[in-house]
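Q: What follows is a structure written as structure tokens; I'll ask about it next.
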Amino acid sequence: MDDRTADTKALEPVPAQRTETAGPPAAEAGGILTVDLSALEANWRALQRRATPSECAAVIKADGYGCGLEQVARRLTRAGCKTFFVADLYEARRLRAAVADPAIYVLNGLLPTTAPAYADIRARPVIGSLVELAEWDAFCTGQDWHGGAALHVDTGMNRLGISANEAAALAPRIRAENHGITLLMSHLACAEAPEHPLNDRQVRLFREVRLHYRGIPSSLANSSGVFLGPTAHCDMVRPGAALFGVNPTPGRPNPMRPVVELHGHVVQLRTVPKGETIGYDAAFTARHATRIAVVAVGYADGYLRAASASDEQPGGFAVAAGKRCPIAGRISMDLLAVDITALGDHAVRRGDLVTLIGDELGVDEVAAAANTIGYEVLTSLGRRYHRVYRAG
Ligand SMILES: *Cc1c(COP(=O)(O)O)cnc(C)c1O
């Protein structure tokens with residue numbers, strides 16, 4: 001098989017309009033998760049336009065923010081995305097099996113002894129410390145490997161990355177010896193709060209570091225960073241969450257299209273008499289005769305228990321028969337209860353689907369009800385759902 005055949009085979013696209021499914025059959029699953037791949041592509045294109053002339057990469061760690069690494073990667077590759085970021089080598093391996101050509105960076109960097117595995121799959125570590133750099137250098141020199149790596153410089157996040165001073169000291173050596181650094185990178189800590197003074201400090205410090213690394217492409221912005229404007233764009237932007245519909249501009253209208261919908265099956269309906277409690281810990285009291293739809297989605301499916309409702313505190317919502325209805329009581333492992341008293345008598349029946357995440361109930365709102373962020377809602381999405389990848 002010559003190279004050309006190999007490439008064609010690996011890149012063989014899913015036919016344009018085909019809807020792919022995964023997981024158990026819809027009728028047997030407690031919940032049905034729909035991932036709108038055309039909305040995903042539209043989001044990537046919108047971010048690309050906003051960041052032009054910079055390259056728009058895609059961060060698809062944590063199984064593509066819970067949406068399915070392979071499906072997401074194939075769609076974005078076909079749309080023209082040339083660079084992906086994942087968290088670890090295992091994700092990189094899965095990704096390489098799905099897409100032949102794009103560059104793959106591994107954000108968590110180099111764990112001891114793993115350098116050969118990077119070469120095997122043509123992945124690039126994001127080097128975050130001098131120890132990692134030494135190890136990578138030794139490997140590259142020993143094996144004559146020129147597959148590339150990113151150098152991560154910490155500009156205020158204090159998580160991964162060498163310091164700005166270390167980066168400056170290192171620069172002459174890196175430039176002279178051609179260590180195969182293909183990307184200079186840093187990460188913003190507060191990009192979703194545009195007025196936070198740390199943004200400016202990080203942008204300015206990174207600009208200084210970049211001066212020492214002229215000729216090497218640089219990248220700073222995550223999703224929200226794309227909306228901070230051109231000074232944060234550098235040569236490449238690295239959005240993740242916004243691709244999947246999380247609002248990168250909290251407090252302002254969401255510029256992204258929703259990508260994820262979650263529907264749960266109603267397994268039973270019941271009326272709880274006034275004064276009785278609903279669910280574990282008897283935390284929720286029916287203040288009047290309450291009509292309940294029991295839905296087969298729980299915290300084991302990633303529907304966060306923190307969205308439970310008690311007598312003290314309201315919780316999340318579901319949309320049943322077109323109306324927004326409150327969750328009643330604790331979220332269980334496999335079930336949750338929805339108060340549908342406000343609906344007509346036969347508005348909801350056994351086997352019906354209620355919406356848990358959908359257009360009228362965005363990922364960010366669902367997250368807020370659980371006191372968290374859309375990122376956590378997405379990356380918690382369960383493995384028991386019937387999954388529909390809408391391609392059209
Ligand atoms: C996760 C991550 C991103 C993407 O962040 P979003 O806020 O999801 O856009 C970019 N860069 C690094 C280093 C990350 O860890």
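Ordering of the structure tokens sets the chain letters (A, B, ...); residue numbers start at 1 within each chain; ligands are numbered from 1 in the order shown.
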Once you count only C-alpha atoms and all ligand atoms, which residues end up within 9 Å of ligand 1, and could you hand them over as a PyMOL selection string?
A: chain A and resi 58-61+65+85-87+107-108+126+152+160+185-188+191-192+219-226+237-244+246+248+375
Q: Excluding Phe139 of chain A and its own-chain neighbours fewer than 3 positions away, which residues fall within 10 Å of it when counting only C-alpha atoms? Please give them as a count of residues only.
A: 13
Q: Enumerate as a PyMOL selection string all residues of segment 230-322 of chain A assigned to strand (DSSP E) by DSSP on the backbone, naming them with the chain letters and numbers the document uses.
A: chain A and resi 236-237+260-272+277-278+284-285+290-295+317-320
Q: In terms of the shortest atom-to-atom distance over only C-alpha atoms, which of A:Leu183, A:Cys67, A:Val338, A:Cys140 is closest to Ala103 of chain A?
A: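 With only C-alpha atoms as the atom set, the closest residue is A:Leu183.
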Q: Just want the 7 Å neighbourhood of Met256 of chain A, counted on only C-alpha atoms, with same-chain residues fewer than 5 positions away dropped. Output as an mmCIF file with C-alpha atoms, in the first residue's frame.
A:
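Saved to result-v9.cif:
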```
data_model
loop_
_atom_site.group_PDB
_atom_site.id
_atom_site.type_symbol
_atom_site.label_atom_id
_atom_site.label_comp_id
_atom_site.auth_asym_id
_atom_site.auth_seq_id
_atom_site.Cartn_x
_atom_site.Cartn_y
_atom_site.Cartn_z
ATOM 1 C CA ASN A 43 -19.106 27.063 16.237
ATOM 2 C CA ALA A 242 -17.253 27.208 23.216
ATOM 3 C CA GLY A 245 -21.968 25.504 23.105
ATOM 4 C CA ASN A 247 -21.091 30.515 26.657
#
```
Q: Point out the residue among A:Ile181, A:Leu40, A:Leu130, A:Ala149 with the least atom-to-atom distance to Ser163 of chain A, counting only C-alpha atoms.
A: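 Nearest to Ser163 of chain A: A:Leu130.
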Q: Separation of atom CA of Tyr105 of chain A and atom CA of Leu381 of chain A, in Å?
A: 23.9 Å
Q: With a distance cut-off of 9 Å and only C-alpha atoms, select the neighbouring residues of Arg387 of chain A, excluding the residue or stretch itself and same-chain residues fewer than 5 positions from it, and output the selection as a list in words.
A: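 The neighbour list is Glu20, Thr21, Ala22, Gly23, Pro24, Pro25, Ala26, Gly31, Ile32, Leu33, Thr34 and Val35 of chain A.
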Q: For the residues in the current selection, export N, CA and C atoms as a tab-separated table (two decimals), in the first residue's frame.
A:
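Generated output (part.tsv):
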```
chain	number	residue	atom	x	y	z
A	20	GLU	N	-25.00	9.16	12.92
A	20	GLU	CA	-24.35	8.01	13.53
A	20	GLU	C	-24.95	7.83	14.93
A	21	THR	N	-25.06	6.59	15.39
A	21	THR	CA	-25.53	6.39	16.76
A	21	THR	C	-24.52	5.54	17.53
A	22	ALA	N	-24.63	5.58	18.84
A	22	ALA	CA	-23.73	4.79	19.69
A	22	ALA	C	-24.46	4.47	20.99
A	23	GLY	N	-23.94	3.50	21.72
A	23	GLY	CA	-24.54	3.13	23.00
A	23	GLY	C	-25.72	2.21	22.82
A	24	PRO	N	-26.50	1.99	23.89
A	24	PRO	CA	-27.64	1.09	23.81
A	24	PRO	C	-28.73	1.64	22.87
A	25	PRO	N	-29.64	0.78	22.40
A	25	PRO	CA	-30.73	1.27	21.56
A	25	PRO	C	-31.57	2.31	22.30
A	26	ALA	N	-32.14	3.24	21.54
A	26	ALA	CA	-32.89	4.34	22.15
A	26	ALA	C	-33.98	3.84	23.09
A	31	GLY	N	-31.62	7.56	28.96
A	31	GLY	CA	-31.52	8.89	28.38
A	31	GLY	C	-30.99	8.85	26.96
A	32	ILE	N	-31.33	9.86	26.20
A	32	ILE	CA	-30.87	9.98	24.82
A	32	ILE	C	-30.10	11.28	24.68
A	33	LEU	N	-28.83	11.13	24.29
A	33	LEU	CA	-27.96	12.29	24.14
A	33	LEU	C	-27.80	12.58	22.66
A	34	THR	N	-28.08	13.80	22.27
A	34	THR	CA	-27.91	14.18	20.87
A	34	THR	C	-26.78	15.19	20.75
A	35	VAL	N	-25.83	14.90	19.89
A	35	VAL	CA	-24.73	15.82	19.63
A	35	VAL	C	-24.89	16.34	18.21
```
Q: Just to confirm, what's the straight-line distance from atom CA of Ala232 of chain A to atom CA of Ser54 of chain A in Å (one decimal)?
A: 10.4 Å
Q: By how many Å are atom CA of Val260 of chain A and atom CA of Tyr299 of chain A apart?
A: 17.6 Å
Q: Give me the residues near Glu208 of chain A as a PyMOL selection string, where near means some atom within 12 Å (using only C-alpha atoms) and where sequence neighbours in that chain fewer than 6 positions away do not count.
A: chain A and resi 153+155+164-165+167-168+171+201-202+214+218
Q: Those residues with all heavy atoms, as a PDB file, in the first residue's frame please?
A:
```pdb
ATOM      1  N   VAL A 153       4.685  28.200  28.841  1.00  0.00           N
ATOM      2  CA  VAL A 153       5.251  29.199  29.747  1.00  0.00           C
ATOM      3  C   VAL A 153       4.142  29.681  30.673  1.00  0.00           C
ATOM      4  O   VAL A 153       3.065  30.076  30.225  1.00  0.00           O
ATOM      5  CB  VAL A 153       5.827  30.394  28.948  1.00  0.00           C
ATOM      6  CG1 VAL A 153       6.432  31.414  29.885  1.00  0.00           C
ATOM      7  CG2 VAL A 153       6.848  29.916  27.931  1.00  0.00           C
ATOM      8  N   THR A 155       2.316  32.232  32.818  1.00  0.00           N
ATOM      9  CA  THR A 155       2.278  33.698  32.925  1.00  0.00           C
ATOM     10  C   THR A 155       1.343  34.155  34.037  1.00  0.00           C
ATOM     11  O   THR A 155       0.924  35.317  34.076  1.00  0.00           O
ATOM     12  CB  THR A 155       1.833  34.341  31.589  1.00  0.00           C
ATOM     13  OG1 THR A 155       0.592  33.724  31.175  1.00  0.00           O
ATOM     14  CG2 THR A 155       2.875  34.153  30.496  1.00  0.00           C
ATOM     15  N   ALA A 164       8.497  32.693  33.126  1.00  0.00           N
ATOM     16  CA  ALA A 164       8.893  33.620  32.064  1.00  0.00           C
ATOM     17  C   ALA A 164      10.409  33.821  32.085  1.00  0.00           C
ATOM     18  O   ALA A 164      11.039  33.921  31.022  1.00  0.00           O
ATOM     19  CB  ALA A 164       8.165  34.951  32.223  1.00  0.00           C
ATOM     20  N   ASN A 165      10.988  33.846  33.275  1.00  0.00           N
ATOM     21  CA  ASN A 165      12.445  34.001  33.366  1.00  0.00           C
ATOM     22  C   ASN A 165      13.171  32.791  32.800  1.00  0.00           C
ATOM     23  O   ASN A 165      14.162  32.928  32.080  1.00  0.00           O
ATOM     24  CB  ASN A 165      12.878  34.221  34.828  1.00  0.00           C
ATOM     25  CG  ASN A 165      12.540  35.632  35.293  1.00  0.00           C
ATOM     26  OD1 ASN A 165      12.399  36.547  34.475  1.00  0.00           O
ATOM     27  ND2 ASN A 165      12.395  35.804  36.600  1.00  0.00           N
ATOM     28  N   ALA A 167      12.021  30.842  30.581  1.00  0.00           N
ATOM     29  CA  ALA A 167      11.806  30.869  29.131  1.00  0.00           C
ATOM     30  C   ALA A 167      12.787  31.818  28.458  1.00  0.00           C
ATOM     31  O   ALA A 167      13.343  31.510  27.398  1.00  0.00           O
ATOM     32  CB  ALA A 167      10.376  31.272  28.815  1.00  0.00           C
ATOM     33  N   ALA A 168      13.003  32.976  29.080  1.00  0.00           N
ATOM     34  CA  ALA A 168      13.925  33.954  28.505  1.00  0.00           C
ATOM     35  C   ALA A 168      15.353  33.406  28.500  1.00  0.00           C
ATOM     36  O   ALA A 168      16.081  33.531  27.511  1.00  0.00           O
ATOM     37  CB  ALA A 168      13.859  35.262  29.284  1.00  0.00           C
ATOM     38  N   ALA A 171      15.839  30.718  25.775  1.00  0.00           N
ATOM     39  CA  ALA A 171      15.553  31.065  24.375  1.00  0.00           C
ATOM     40  C   ALA A 171      16.766  30.961  23.446  1.00  0.00           C
ATOM     41  O   ALA A 171      16.651  30.338  22.376  1.00  0.00           O
ATOM     42  CB  ALA A 171      14.932  32.448  24.308  1.00  0.00           C
ATOM     43  N   ARG A 201      -2.139  41.450  32.467  1.00  0.00           N
ATOM     44  CA  ARG A 201      -0.796  41.073  32.932  1.00  0.00           C
ATOM     45  C   ARG A 201      -0.283  39.873  32.150  1.00  0.00           C
ATOM     46  O   ARG A 201       0.870  39.831  31.729  1.00  0.00           O
ATOM     47  CB  ARG A 201      -0.832  40.737  34.432  1.00  0.00           C
ATOM     48  CG  ARG A 201      -0.947  41.951  35.330  1.00  0.00           C
ATOM     49  CD  ARG A 201      -0.125  41.811  36.609  1.00  0.00           C
ATOM     50  NE  ARG A 201      -0.536  40.671  37.436  1.00  0.00           N
ATOM     51  CZ  ARG A 201      -1.583  40.688  38.276  1.00  0.00           C
ATOM     52  NH1 ARG A 201      -2.316  41.786  38.400  1.00  0.00           N
ATOM     53  NH2 ARG A 201      -1.884  39.633  38.991  1.00  0.00           N
ATOM     54  N   GLN A 202      -1.167  38.885  31.943  1.00  0.00           N
ATOM     55  CA  GLN A 202      -0.733  37.679  31.224  1.00  0.00           C
ATOM     56  C   GLN A 202      -0.429  37.980  29.761  1.00  0.00           C
ATOM     57  O   GLN A 202       0.560  37.497  29.216  1.00  0.00           O
ATOM     58  CB  GLN A 202      -1.798  36.582  31.340  1.00  0.00           C
ATOM     59  CG  GLN A 202      -1.920  36.020  32.752  1.00  0.00           C
ATOM     60  CD  GLN A 202      -2.699  34.700  32.773  1.00  0.00           C
ATOM     61  OE1 GLN A 202      -3.911  34.698  32.924  1.00  0.00           O
ATOM     62  NE2 GLN A 202      -1.998  33.604  32.605  1.00  0.00           N
ATOM     63  N   ARG A 214      11.043  34.666  18.525  1.00  0.00           N
ATOM     64  CA  ARG A 214      10.567  35.075  17.199  1.00  0.00           C
ATOM     65  C   ARG A 214      10.695  33.940  16.205  1.00  0.00           C
ATOM     66  O   ARG A 214      11.676  33.219  16.198  1.00  0.00           O
ATOM     67  CB  ARG A 214      11.376  36.283  16.703  1.00  0.00           C
ATOM     68  CG  ARG A 214      10.780  37.585  17.189  1.00  0.00           C
ATOM     69  CD  ARG A 214      11.134  38.753  16.268  1.00  0.00           C
ATOM     70  NE  ARG A 214      10.943  39.989  17.031  1.00  0.00           N
ATOM     71  CZ  ARG A 214      11.915  40.628  17.657  1.00  0.00           C
ATOM     72  NH1 ARG A 214      13.156  40.193  17.570  1.00  0.00           N
ATOM     73  NH2 ARG A 214      11.663  41.706  18.360  1.00  0.00           N
ATOM     74  N   SER A 218       2.871  31.124  18.371  1.00  0.00           N
ATOM     75  CA  SER A 218       2.504  31.216  19.785  1.00  0.00           C
ATOM     76  C   SER A 218       0.992  31.115  19.952  1.00  0.00           C
ATOM     77  O   SER A 218       0.223  31.408  19.032  1.00  0.00           O
ATOM     78  CB  SER A 218       3.010  32.536  20.365  1.00  0.00           C
ATOM     79  OG  SER A 218       2.405  33.611  19.680  1.00  0.00           O
TER      80      SER A 218
END
```
Q: Of the candidates A:Gly392, A:Pro102, A:Pro194, A:Gly109, which one gets nearest to Ile121 of chain A if we count only C-alpha atoms?
A: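 Under the stated criterion, the closest residue is A:Pro102.
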Q: Find the residue from A:Gly264, A:Pro217, A:Gly322, A:Pro230 that sits nearest to His386 of chain A; use only C-alpha atoms when measuring.
A: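 Going through A:Gly264, A:Pro217, A:Gly322, A:Pro230 one by one, the smallest distance to His386 of chain A is for A:Gly264.
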